[in-house]
Amino acid sequence: MEASEPFRSDTKRILIIEDNELNMKLLKDVLEAHGYGIIASRYGAKALELARRHRPHLILMDIQLPDISGLEAARQLKESQETQSIPIIAITAFAMAGDERKTLASGCDAYIAKPIRLREFLDAVETFIGAAK
Ligand code: MN
């Protein structure tokens, strides 16, 4: 899925990198319902290009992806001057000791474990970029 609808310039944009279609739909639907603009891909290798092109205010990064890992994609984003200031929230099914440290070491700014609890998730999004409107 590659969604890149034109947004109003004042719409807060979120780039979602997630390969699980159900999770992607859940995240996209709930964020769109709250007024955010969504850019989406299932590939970690697309994250840097999409972030440069669309200048999202926030990136939601799944860790297990079909190509490069979300940790590697986060490293690329944080190494690029153009994209390093964009906050990244890692989303992972692994809730094992050490995972939070690994995601933060890769440059991610926060960590949310699946299964996603929507209220907590939206609170985390608003902490980084505020409400959509
Ligand atoms: Mn995944």
# chains A, B, ... in the order shown; residues from 1 in each chain; ligands from 1
$ residues_around --residues "region 113-124 of chain A" --least-positions-apart "4" --cutoff "9 Å" --atoms "only C-alpha atoms" --output "PyMOL selection string"
chain A and resi 23+27+30-31+89-95+128-130
$ write_last_selection --atoms "N, CA and C atoms" --output "PDB file, in the first residue's frame"
ATOM      1  N   ASN A  23      -2.998  -4.349  11.050  1.00  0.00           N
ATOM      2  CA  ASN A  23      -2.464  -3.285  11.906  1.00  0.00           C
ATOM      3  C   ASN A  23      -2.416  -1.964  11.165  1.00  0.00           C
ATOM      4  N   LEU A  27      -4.326   1.422  12.388  1.00  0.00           N
ATOM      5  CA  LEU A  27      -3.606   2.674  12.675  1.00  0.00           C
ATOM      6  C   LEU A  27      -4.090   3.797  11.761  1.00  0.00           C
ATOM      7  N   VAL A  30      -7.808   4.924  12.555  1.00  0.00           N
ATOM      8  CA  VAL A  30      -7.995   5.684  13.795  1.00  0.00           C
ATOM      9  C   VAL A  30      -7.336   7.053  13.696  1.00  0.00           C
ATOM     10  N   LEU A  31      -6.191   7.124  13.032  1.00  0.00           N
ATOM     11  CA  LEU A  31      -5.511   8.424  12.907  1.00  0.00           C
ATOM     12  C   LEU A  31      -6.248   9.335  11.927  1.00  0.00           C
ATOM     13  N   ILE A  89       8.141   6.733  16.582  1.00  0.00           N
ATOM     14  CA  ILE A  89       7.624   5.814  17.594  1.00  0.00           C
ATOM     15  C   ILE A  89       7.723   4.400  17.030  1.00  0.00           C
ATOM     16  N   ALA A  90       8.489   3.549  17.694  1.00  0.00           N
ATOM     17  CA  ALA A  90       8.608   2.152  17.286  1.00  0.00           C
ATOM     18  C   ALA A  90       7.376   1.388  17.754  1.00  0.00           C
ATOM     19  N   ILE A  91       6.907   0.493  16.881  1.00  0.00           N
ATOM     20  CA  ILE A  91       5.771  -0.359  17.228  1.00  0.00           C
ATOM     21  C   ILE A  91       6.210  -1.795  17.032  1.00  0.00           C
ATOM     22  N   THR A  92       6.182  -2.565  18.087  1.00  0.00           N
ATOM     23  CA  THR A  92       6.726  -3.909  17.968  1.00  0.00           C
ATOM     24  C   THR A  92       5.919  -4.934  18.742  1.00  0.00           C
ATOM     25  N   ALA A  93       5.901  -6.125  18.184  1.00  0.00           N
ATOM     26  CA  ALA A  93       5.237  -7.237  18.856  1.00  0.00           C
ATOM     27  C   ALA A  93       6.128  -7.816  19.944  1.00  0.00           C
ATOM     28  N   PHE A  94       7.416  -7.544  19.850  1.00  0.00           N
ATOM     29  CA  PHE A  94       8.342  -8.070  20.857  1.00  0.00           C
ATOM     30  C   PHE A  94       8.248  -7.231  22.120  1.00  0.00           C
ATOM     31  N   ALA A  95       7.784  -7.834  23.179  1.00  0.00           N
ATOM     32  CA  ALA A  95       7.760  -7.105  24.447  1.00  0.00           C
ATOM     33  C   ALA A  95       8.766  -7.762  25.376  1.00  0.00           C
ATOM     34  N   PHE A 128       3.782  13.790  21.053  1.00  0.00           N
ATOM     35  CA  PHE A 128       4.832  14.212  20.119  1.00  0.00           C
ATOM     36  C   PHE A 128       4.401  15.347  19.198  1.00  0.00           C
ATOM     37  N   ILE A 129       3.188  15.296  18.695  1.00  0.00           N
ATOM     38  CA  ILE A 129       2.838  16.301  17.661  1.00  0.00           C
ATOM     39  C   ILE A 129       1.548  17.051  17.941  1.00  0.00           C
ATOM     40  N   GLY A 130       0.936  16.802  19.096  1.00  0.00           N
ATOM     41  CA  GLY A 130      -0.306  17.504  19.406  1.00  0.00           C
ATOM     42  C   GLY A 130      -1.488  16.929  18.656  1.00  0.00           C
TER      43      GLY A 130
END
$ residues_near_ligand --ligand "ligand 1" --cutoff "9 Å" --atoms "only C-alpha atoms and all ligand atoms" --output "ChimeraX atom specification"
/A:17-20,23,42,62-66,69-70,91-93
$ select_by_dssp --residues "region 1-65 of chain A" --states "alpha helix (DSSP H)" --output "PyMOL selection string"
chain A and resi 21-33+47-54
$ closest_residue --among "A:Lys12, A:His34, A:Lys46, A:His57" --to "Thr83 (chain A)" --atoms "only C-alpha atoms"
A:His57
$ atom_distance --atom1 "CA of Ala47 (chain A)" --atom2 "CA of Arg13 (chain A)"
13.8 Å
$ select_by_dssp --residues "chain A" --states "strand (DSSP E or B)" --output "PyMOL selection string"
chain A and resi 3+13-17+37-41+58-62+88-92+110-113
$ write_last_selection --atoms "C-alpha atoms" --output "JSON list (two decimals), in the first residue's frame"
[["chain", "number", "residue", "atom", "x", "y", "z"],
["A", 3, "ALA", "CA", -1.02, 6.19, 0.01],
["A", 13, "ARG", "CA", 1.11, 14.17, 8.57],
["A", 14, "ILE", "CA", 2.11, 10.78, 9.94],
["A", 15, "LEU", "CA", 4.20, 8.25, 8.02],
["A", 16, "ILE", "CA", 3.31, 4.67, 8.94],
["A", 17, "ILE", "CA", 5.72, 1.85, 8.08],
["A", 37, "GLY", "CA", -2.97, 12.82, 7.15],
["A", 38, "ILE", "CA", -1.42, 9.40, 6.53],
["A", 39, "ILE", "CA", 1.43, 8.31, 4.29],
["A", 40, "ALA", "CA", 1.92, 4.56, 4.33],
["A", 41, "SER", "CA", 4.30, 1.84, 3.23],
["A", 58, "LEU", "CA", 5.79, 11.84, 13.07],
["A", 59, "ILE", "CA", 6.82, 8.34, 11.94],
["A", 60, "LEU", "CA", 5.30, 5.12, 13.28],
["A", 61, "MET", "CA", 7.77, 2.32, 12.66],
["A", 62, "ASP", "CA", 7.02, -1.38, 12.86],
["A", 88, "ILE", "CA", 9.85, 8.05, 15.50],
["A", 89, "ILE", "CA", 7.62, 5.81, 17.59],
["A", 90, "ALA", "CA", 8.61, 2.15, 17.29],
["A", 91, "ILE", "CA", 5.77, -0.36, 17.23],
["A", 92, "THR", "CA", 6.73, -3.91, 17.97],
["A", 110, "ALA", "CA", 9.51, 6.06, 21.96],
["A", 111, "TYR", "CA", 8.25, 2.51, 21.98],
["A", 112, "ILE", "CA", 4.77, 1.02, 21.89],
["A", 113, "ALA", "CA", 4.16, -2.72, 22.26]]
$ residues_around --residues "Gln76 (chain A)" --least-positions-apart "3" --cutoff "12 Å" --atoms "only C-alpha atoms" --output "list in words"
Gly44, Ala45, Lys46, Ala47, Leu48, Glu49, Ala51, Arg52, Ile68, Ser69, Gly70, Leu71, Glu72, Ala73, Glu79, Ser80, Gln81, Glu82, Thr83, Gln84, Ile86, Ile88, Ser106, Gly107 and Cys108 of chain A
$ residues_around --residues "Ala105 (chain A)" --least-positions-apart "6" --cutoff "10 Å" --atoms "only C-alpha atoms" --output "JSON, numbers by chain"
{"A": [71, 74, 75, 99]}
$ write_last_selection --atoms "C-alpha atoms" --output "PDB file, in the first residue's frame"
ATOM      1  CA  LEU A  71      15.588  -0.458  13.527  1.00  0.00           C
ATOM      2  CA  ALA A  74      15.178   4.356  12.010  1.00  0.00           C
ATOM      3  CA  ARG A  75      18.977   4.573  11.878  1.00  0.00           C
ATOM      4  CA  ASP A  99      13.817  -4.391  23.115  1.00  0.00           C
TER       5      ASP A  99
END
$ closest_residue --among "A:Leu104, A:Ala131, A:Arg53, A:Leu77" --to "Ala33 (chain A)" --atoms "only C-alpha atoms"
A:Ala131
$ atom_distance --atom1 "CA of Thr11 (chain A)" --atom2 "CA of Gly35 (chain A)"
7.7 Å
$ atom_distance --atom1 "CA of Thr103 (chain A)" --atom2 "CA of Tyr43 (chain A)"
17.5 Å
$ decode --residues "region 8-118 of chain A" --atoms "C-alpha atoms" --output "mmCIF file, in the first residue's frame"
data_model
loop_
_atom_site.group_PDB
_atom_site.id
_atom_site.type_symbol
_atom_site.label_atom_id
_atom_site.label_comp_id
_atom_site.auth_asym_id
_atom_site.auth_seq_id
_atom_site.Cartn_x
_atom_site.Cartn_y
_atom_site.Cartn_z
ATOM 1 C CA ARG A 8 -3.965 20.560 3.146
ATOM 2 C CA SER A 9 -0.671 22.175 4.022
ATOM 3 C CA ASP A 10 -1.696 22.562 7.653
ATOM 4 C CA THR A 11 -2.670 18.896 8.056
ATOM 5 C CA LYS A 12 -0.389 17.069 10.484
ATOM 6 C CA ARG A 13 1.106 14.166 8.572
ATOM 7 C CA ILE A 14 2.113 10.779 9.937
ATOM 8 C CA LEU A 15 4.203 8.247 8.022
ATOM 9 C CA ILE A 16 3.306 4.669 8.939
ATOM 10 C CA ILE A 17 5.720 1.849 8.078
ATOM 11 C CA GLU A 18 3.911 -1.414 8.853
ATOM 12 C CA ASP A 19 3.697 -4.646 6.863
ATOM 13 C CA ASN A 20 0.749 -6.206 8.674
ATOM 14 C CA GLU A 21 -2.335 -5.145 6.737
ATOM 15 C CA LEU A 22 -4.715 -5.357 9.679
ATOM 16 C CA ASN A 23 -2.464 -3.285 11.906
ATOM 17 C CA MET A 24 -1.935 -0.792 9.107
ATOM 18 C CA LYS A 25 -5.687 -0.448 8.593
ATOM 19 C CA LEU A 26 -6.280 -0.009 12.317
ATOM 20 C CA LEU A 27 -3.606 2.674 12.675
ATOM 21 C CA LYS A 28 -4.599 4.465 9.474
ATOM 22 C CA ASP A 29 -8.321 4.427 10.231
ATOM 23 C CA VAL A 30 -7.995 5.684 13.795
ATOM 24 C CA LEU A 31 -5.511 8.424 12.907
ATOM 25 C CA GLU A 32 -7.517 9.587 9.891
ATOM 26 C CA ALA A 33 -10.640 9.639 12.050
ATOM 27 C CA HIS A 34 -8.753 12.021 14.353
ATOM 28 C CA GLY A 35 -7.822 14.289 11.462
ATOM 29 C CA TYR A 36 -4.234 13.294 10.709
ATOM 30 C CA GLY A 37 -2.968 12.822 7.150
ATOM 31 C CA ILE A 38 -1.422 9.403 6.525
ATOM 32 C CA ILE A 39 1.429 8.310 4.287
ATOM 33 C CA ALA A 40 1.920 4.559 4.328
ATOM 34 C CA SER A 41 4.304 1.840 3.231
ATOM 35 C CA ARG A 42 4.994 -1.748 4.195
ATOM 36 C CA TYR A 43 8.720 -1.459 3.409
ATOM 37 C CA GLY A 44 11.426 -0.134 5.689
ATOM 38 C CA ALA A 45 13.562 0.767 2.703
ATOM 39 C CA LYS A 46 10.904 3.266 1.580
ATOM 40 C CA ALA A 47 10.903 5.189 4.872
ATOM 41 C CA LEU A 48 13.736 7.600 4.112
ATOM 42 C CA GLU A 49 12.491 8.481 0.625
ATOM 43 C CA LEU A 50 8.904 8.969 1.813
ATOM 44 C CA ALA A 51 10.026 11.050 4.798
ATOM 45 C CA ARG A 52 12.099 13.303 2.537
ATOM 46 C CA ARG A 53 9.257 13.705 0.066
ATOM 47 C CA HIS A 54 6.339 14.220 2.451
ATOM 48 C CA ARG A 55 7.982 15.727 5.556
ATOM 49 C CA PRO A 56 5.796 13.900 8.081
ATOM 50 C CA HIS A 57 5.495 15.334 11.581
ATOM 51 C CA LEU A 58 5.792 11.843 13.072
ATOM 52 C CA ILE A 59 6.818 8.343 11.942
ATOM 53 C CA LEU A 60 5.303 5.122 13.279
ATOM 54 C CA MET A 61 7.771 2.316 12.662
ATOM 55 C CA ASP A 62 7.017 -1.379 12.857
ATOM 56 C CA ILE A 63 10.168 -3.324 13.669
ATOM 57 C CA GLN A 64 9.618 -6.602 11.815
ATOM 58 C CA LEU A 65 9.339 -5.745 8.131
ATOM 59 C CA PRO A 66 9.750 -7.775 4.921
ATOM 60 C CA ASP A 67 12.933 -6.025 3.817
ATOM 61 C CA ILE A 68 15.159 -4.069 6.204
ATOM 62 C CA SER A 69 14.225 -3.969 9.882
ATOM 63 C CA GLY A 70 12.494 -0.979 11.403
ATOM 64 C CA LEU A 71 15.588 -0.458 13.527
ATOM 65 C CA GLU A 72 17.737 -0.080 10.412
ATOM 66 C CA ALA A 73 15.161 2.250 8.830
ATOM 67 C CA ALA A 74 15.178 4.356 12.010
ATOM 68 C CA ARG A 75 18.977 4.573 11.878
ATOM 69 C CA GLN A 76 18.816 5.802 8.279
ATOM 70 C CA LEU A 77 16.238 8.451 9.195
ATOM 71 C CA LYS A 78 18.285 9.677 12.151
ATOM 72 C CA GLU A 79 21.503 9.790 10.077
ATOM 73 C CA SER A 80 19.940 12.062 7.449
ATOM 74 C CA GLN A 81 19.984 15.745 8.296
ATOM 75 C CA GLU A 82 16.737 16.212 6.400
ATOM 76 C CA THR A 83 14.813 13.718 8.503
ATOM 77 C CA GLN A 84 16.640 13.375 11.826
ATOM 78 C CA SER A 85 14.367 15.782 13.690
ATOM 79 C CA ILE A 86 11.207 13.806 12.901
ATOM 80 C CA PRO A 87 10.139 11.814 15.975
ATOM 81 C CA ILE A 88 9.853 8.055 15.502
ATOM 82 C CA ILE A 89 7.624 5.814 17.594
ATOM 83 C CA ALA A 90 8.608 2.152 17.286
ATOM 84 C CA ILE A 91 5.771 -0.359 17.228
ATOM 85 C CA THR A 92 6.726 -3.909 17.968
ATOM 86 C CA ALA A 93 5.237 -7.237 18.856
ATOM 87 C CA PHE A 94 8.342 -8.070 20.857
ATOM 88 C CA ALA A 95 7.760 -7.105 24.447
ATOM 89 C CA MET A 96 10.975 -8.672 25.621
ATOM 90 C CA ALA A 97 13.556 -7.223 27.964
ATOM 91 C CA GLY A 98 16.110 -5.282 25.993
ATOM 92 C CA ASP A 99 13.817 -4.391 23.115
ATOM 93 C CA GLU A 100 13.053 -0.924 24.391
ATOM 94 C CA ARG A 101 16.788 -0.292 24.767
ATOM 95 C CA LYS A 102 17.404 -1.560 21.220
ATOM 96 C CA THR A 103 14.707 0.627 19.693
ATOM 97 C CA LEU A 104 15.974 3.693 21.552
ATOM 98 C CA ALA A 105 19.580 2.890 20.563
ATOM 99 C CA SER A 106 18.525 2.850 16.898
ATOM 100 C CA GLY A 107 17.240 6.404 17.262
ATOM 101 C CA CYS A 108 13.563 5.782 17.919
ATOM 102 C CA ASP A 109 12.103 8.310 20.361
ATOM 103 C CA ALA A 110 9.513 6.055 21.957
ATOM 104 C CA TYR A 111 8.250 2.509 21.975
ATOM 105 C CA ILE A 112 4.768 1.020 21.891
ATOM 106 C CA ALA A 113 4.157 -2.717 22.265
ATOM 107 C CA LYS A 114 1.505 -4.607 20.331
ATOM 108 C CA PRO A 115 -1.311 -5.292 20.829
ATOM 109 C CA ILE A 116 -1.989 -1.596 20.498
ATOM 110 C CA ARG A 117 -4.333 0.015 23.019
ATOM 111 C CA LEU A 118 -5.890 2.886 21.142
#
